[in-house]
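Participant: Below you will find the structure I want to go over with you.
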Amino acid sequence: MAELPFRAKESYIAVRVSAYSLATSSIAMEAYKPLHHHTQKPSSPSSTNPGYYNVPKSVCTWLACGFLALALLHLLCCSPLAGAGDREALFSPLLHYFNNTYSHFSSGAGAGQSCDYSEGRWVPAPGHARRYNATACPAKESHDCIRNGRPDTGYLDWRWQPAAAGCRLPAFDAAAFLSAARGKHVAFVGDSMARNQAQSLVCLLGAAFPRRVVHPDPDPWTRQCWRWEFPTHGVTVSVYWAPYLARFTGKAQNYSMPYTVVHLDALADRWAADADTMDVVVLAAGHWLLNGAVYRSGGEVVGVHNQPELNYTDIGYAIPMREAYRKSVERLMRRSSGRPRTVVLATYSPPHFEGKAMDDPTSCAKERPYMEGEKELWSIDKELRSIVIEEAEAAARKAGDGGAVRVEVLDVTKLAAMRPDGHPGPYMHRNPFANGVPERMPTDCLHFCLPGPVDTFNEILLQILTKRR
């Protein structure tokens, strides 16, 4: 918690003392046992002890909660805090605690019911995403929106509510995730959205458990391969830069190159070499497939995409995307050790430039999620989502029930599409408007702030891992 002004500290301590007094009073009432009714008559208004009433313990408990709520409300409204930032620092942990408690008692589905998290809406939940300090964890600096001076933080006060009756997506539980992944290697393979989610997971886990870097990428800017370890549970988390999943050279490695060459008959070397060590694999690719590329297979060019100056057939992005996912899943279904493996295919997370240039400093400036019916998915978003789901379903049928490999879908397309407020935008830079608003400035309307909506991806991932096989 941030350092508070002196008078705010006094108010905060007073509430803590009041809460402690109420709690001890409740304990005392719980320990108190009235005499047996054969040895003591119940008190009545005509008793020799006028004014004595036997108040039920349940009423006392509710009264105690009421007094505590009033004390907190008084602190919120009347405490002489220095400003909104101090108030936020004081109440975020408290709101976070209440949200977690509510999630614990109302989470998940009923017995025998499986929740569909792909459909739903964003609902207000103060403090829900205020779970870690991105500056203190391995978040990319351009995603650390608070550090970079973003003035509005309301994007942290929403949670995803599934549409299915009786379903609630529980808040992320680091202990539950590490227990579910004990002794396992959790790998994220794909483009920068896979990296965004991997860093979110490491930050969420690291807020509650110690971590250490076991393989830092020698080039921190590219972050092509990073690995962290959580020694308390023997869990390893890795991220592999493989924007096409398949082997690639050219622009995806060096931005000065005109295009990328993708070899559809081979997987990207680094993650393919480590595939047998992976127990949980999240595949997330799609954004780079929309860019220009030359596709090769069997030593020959089989087509291009967005390269009109080259004299080859344009095969689009759908065919290469299906081929890359199919070969990736086939490789992961070959489990040499026989240990269970979970393969998770993440769907496309749409950007929110929405017709503006990538260097327009006013891009993705919204401060609230889209409401239901306010924003429809674009046709390309739907197509990219469908490709991933169809490939996952085909792989799941091939794997069968009860096999060593389980194939799941992490369907985040709709929930991500409804969060235009959650991107860094111009706050990918430190204090971008310190010297006024420039005419042009690179903006990020693709990745999410950390913390931010991408943390919800990992809330759903946790539910996938804890689901019965």
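By order of appearance in the structure tokens: chains A, B, ..., then residues from 1 within every chain, and ligands from 1 in the order shown.
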Applying 12 Å and only C-alpha atoms, which residues near Pro438 of chain A remain after dropping the ones on its own chain fewer than 2 positions away? List them as a ChimeraX atom specification.

Facilitator: /A:359-362,426,432-436,440-443

Participant: Could you write out that same residue set with all heavy atoms as a short mmCIF file (atom, residue, chain, number, x, y, z; two decimals), in the first residue's frame?

Facilitator:
data_model
loop_
_atom_site.label_atom_id
_atom_site.label_comp_id
_atom_site.auth_asym_id
_atom_site.auth_seq_id
_atom_site.Cartn_x
_atom_site.Cartn_y
_atom_site.Cartn_z
N ASP A 359 -0.10 5.95 -35.45
CA ASP A 359 0.68 7.02 -34.83
C ASP A 359 -0.21 8.22 -34.47
O ASP A 359 0.26 9.34 -34.33
CB ASP A 359 1.82 7.47 -35.74
CG ASP A 359 1.34 7.98 -37.09
OD1 ASP A 359 0.12 7.89 -37.36
OD2 ASP A 359 2.18 8.47 -37.86
N ASP A 360 -1.49 7.96 -34.31
CA ASP A 360 -2.43 9.00 -33.90
C ASP A 360 -2.53 8.99 -32.37
O ASP A 360 -3.00 8.00 -31.79
CB ASP A 360 -3.81 8.74 -34.51
CG ASP A 360 -4.80 9.87 -34.24
OD1 ASP A 360 -4.59 10.63 -33.27
OD2 ASP A 360 -5.80 9.97 -34.98
N PRO A 361 -2.10 10.06 -31.69
CA PRO A 361 -2.10 10.05 -30.22
C PRO A 361 -3.49 10.02 -29.60
O PRO A 361 -3.61 9.83 -28.39
CB PRO A 361 -1.37 11.35 -29.86
CG PRO A 361 -1.51 12.22 -31.06
CD PRO A 361 -1.54 11.31 -32.24
N THR A 362 -4.54 10.16 -30.42
CA THR A 362 -5.90 10.10 -29.89
C THR A 362 -6.52 8.71 -30.04
O THR A 362 -7.70 8.52 -29.70
CB THR A 362 -6.81 11.13 -30.59
OG1 THR A 362 -6.97 10.77 -31.97
CG2 THR A 362 -6.21 12.52 -30.51
N PRO A 426 -1.37 6.04 -26.13
CA PRO A 426 -0.15 6.86 -26.09
C PRO A 426 0.68 6.62 -24.84
O PRO A 426 1.86 6.98 -24.79
CB PRO A 426 -0.68 8.29 -26.13
CG PRO A 426 -2.06 8.20 -25.59
CD PRO A 426 -2.58 6.86 -26.04
N PRO A 432 3.53 10.90 -21.97
CA PRO A 432 3.56 11.27 -23.39
C PRO A 432 3.15 12.71 -23.69
O PRO A 432 3.54 13.25 -24.72
CB PRO A 432 2.57 10.28 -24.02
CG PRO A 432 1.66 9.90 -22.91
CD PRO A 432 2.52 9.88 -21.69
N PHE A 433 2.38 13.32 -22.80
CA PHE A 433 1.89 14.67 -23.09
C PHE A 433 2.52 15.72 -22.18
O PHE A 433 1.94 16.79 -21.96
CB PHE A 433 0.36 14.70 -22.96
CG PHE A 433 -0.33 13.70 -23.84
CD1 PHE A 433 -1.23 12.79 -23.31
CD2 PHE A 433 -0.05 13.65 -25.20
CE1 PHE A 433 -1.86 11.86 -24.11
CE2 PHE A 433 -0.67 12.73 -26.02
CZ PHE A 433 -1.58 11.82 -25.48
N ALA A 434 3.69 15.40 -21.65
CA ALA A 434 4.38 16.33 -20.75
C ALA A 434 4.71 17.65 -21.44
O ALA A 434 4.73 18.71 -20.80
CB ALA A 434 5.65 15.69 -20.21
N ASN A 435 4.94 17.60 -22.75
CA ASN A 435 5.27 18.81 -23.52
C ASN A 435 4.19 19.16 -24.53
O ASN A 435 4.47 19.72 -25.59
CB ASN A 435 6.61 18.61 -24.22
CG ASN A 435 7.75 18.38 -23.26
OD1 ASN A 435 7.86 19.08 -22.25
ND2 ASN A 435 8.59 17.38 -23.54
N GLY A 436 2.95 18.82 -24.20
CA GLY A 436 1.85 19.09 -25.12
C GLY A 436 1.50 17.85 -25.93
O GLY A 436 2.13 16.80 -25.82
N ARG A 440 1.93 13.60 -34.16
CA ARG A 440 2.08 12.17 -34.41
C ARG A 440 2.84 11.52 -33.25
O ARG A 440 3.79 12.11 -32.72
CB ARG A 440 2.82 11.90 -35.72
CG ARG A 440 2.05 12.34 -36.96
CD ARG A 440 0.80 11.53 -37.13
NE ARG A 440 -0.07 12.02 -38.20
CZ ARG A 440 -1.33 11.62 -38.38
NH1 ARG A 440 -1.86 10.75 -37.57
NH2 ARG A 440 -2.04 12.13 -39.38
N MET A 441 2.40 10.33 -32.88
CA MET A 441 3.07 9.58 -31.81
C MET A 441 2.62 8.12 -31.91
O MET A 441 1.42 7.85 -31.99
CB MET A 441 2.68 10.14 -30.44
CG MET A 441 3.19 9.30 -29.27
SD MET A 441 2.54 9.89 -27.69
CE MET A 441 3.37 11.46 -27.56
N PRO A 442 3.55 7.17 -31.91
CA PRO A 442 3.15 5.76 -31.94
C PRO A 442 2.25 5.42 -30.74
O PRO A 442 2.52 5.85 -29.62
CB PRO A 442 4.48 5.01 -31.85
CG PRO A 442 5.49 5.98 -32.39
CD PRO A 442 5.01 7.33 -31.96
N THR A 443 1.18 4.71 -31.00
CA THR A 443 0.25 4.31 -29.95
C THR A 443 0.04 2.80 -30.00
O THR A 443 0.20 2.18 -31.05
CB THR A 443 -1.11 5.02 -30.11
OG1 THR A 443 -1.62 4.75 -31.42
CG2 THR A 443 -0.99 6.51 -29.92
#

Participant: Give one line per residue of segment 297-349 of chain A that approaches segment 388-392 of chain A to at most 7 Å, naming the two atoms of the closest pair and their distance in Å to one decimal, counting only C-alpha atoms; sort by chain then ascending residue number and deliver it as a Markdown table.

Facilitator:
| residue | atom | partner | partner_atom | distance |
| --- | --- | --- | --- | --- |
| A:Arg326 | CA | A:Glu391 | CA | 6.6 |
| A:Leu345 | CA | A:Ala392 | CA | 6.6 |
| A:Thr347 | CA | A:Val388 | CA | 5.9 |

Participant: Go through A:Ala324, A:Val280, A:Leu310, A:Leu461 and flag the residue nearest His263 of chain A, using only C-alpha atoms for the distances.

Facilitator: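 The answer is A:Ala324, which sits nearest to His263 of chain A.
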
Participant: Quick one: residues within 10 Å of Val407 of chain A, only C-alpha atoms, excluding same-chain residues fewer than 2 positions away - as a VMD selection string?

Facilitator: chain A and resid 281 329 332 to 333 341 to 345 391 to 400 405 409

Participant: When you look at Val301 of chain A with a cut-off of 10 Å (counting only C-alpha atoms), what residues show up, excluding the ones that are within fewer than 3 positions of it in the same chain? I need them as a list in words.

Facilitator: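 The residues that qualify are Val261, Val262, His263, Val294, Tyr295, Arg296, Ser297, Gly298, Val304, Tyr312 and Thr313 of chain A.
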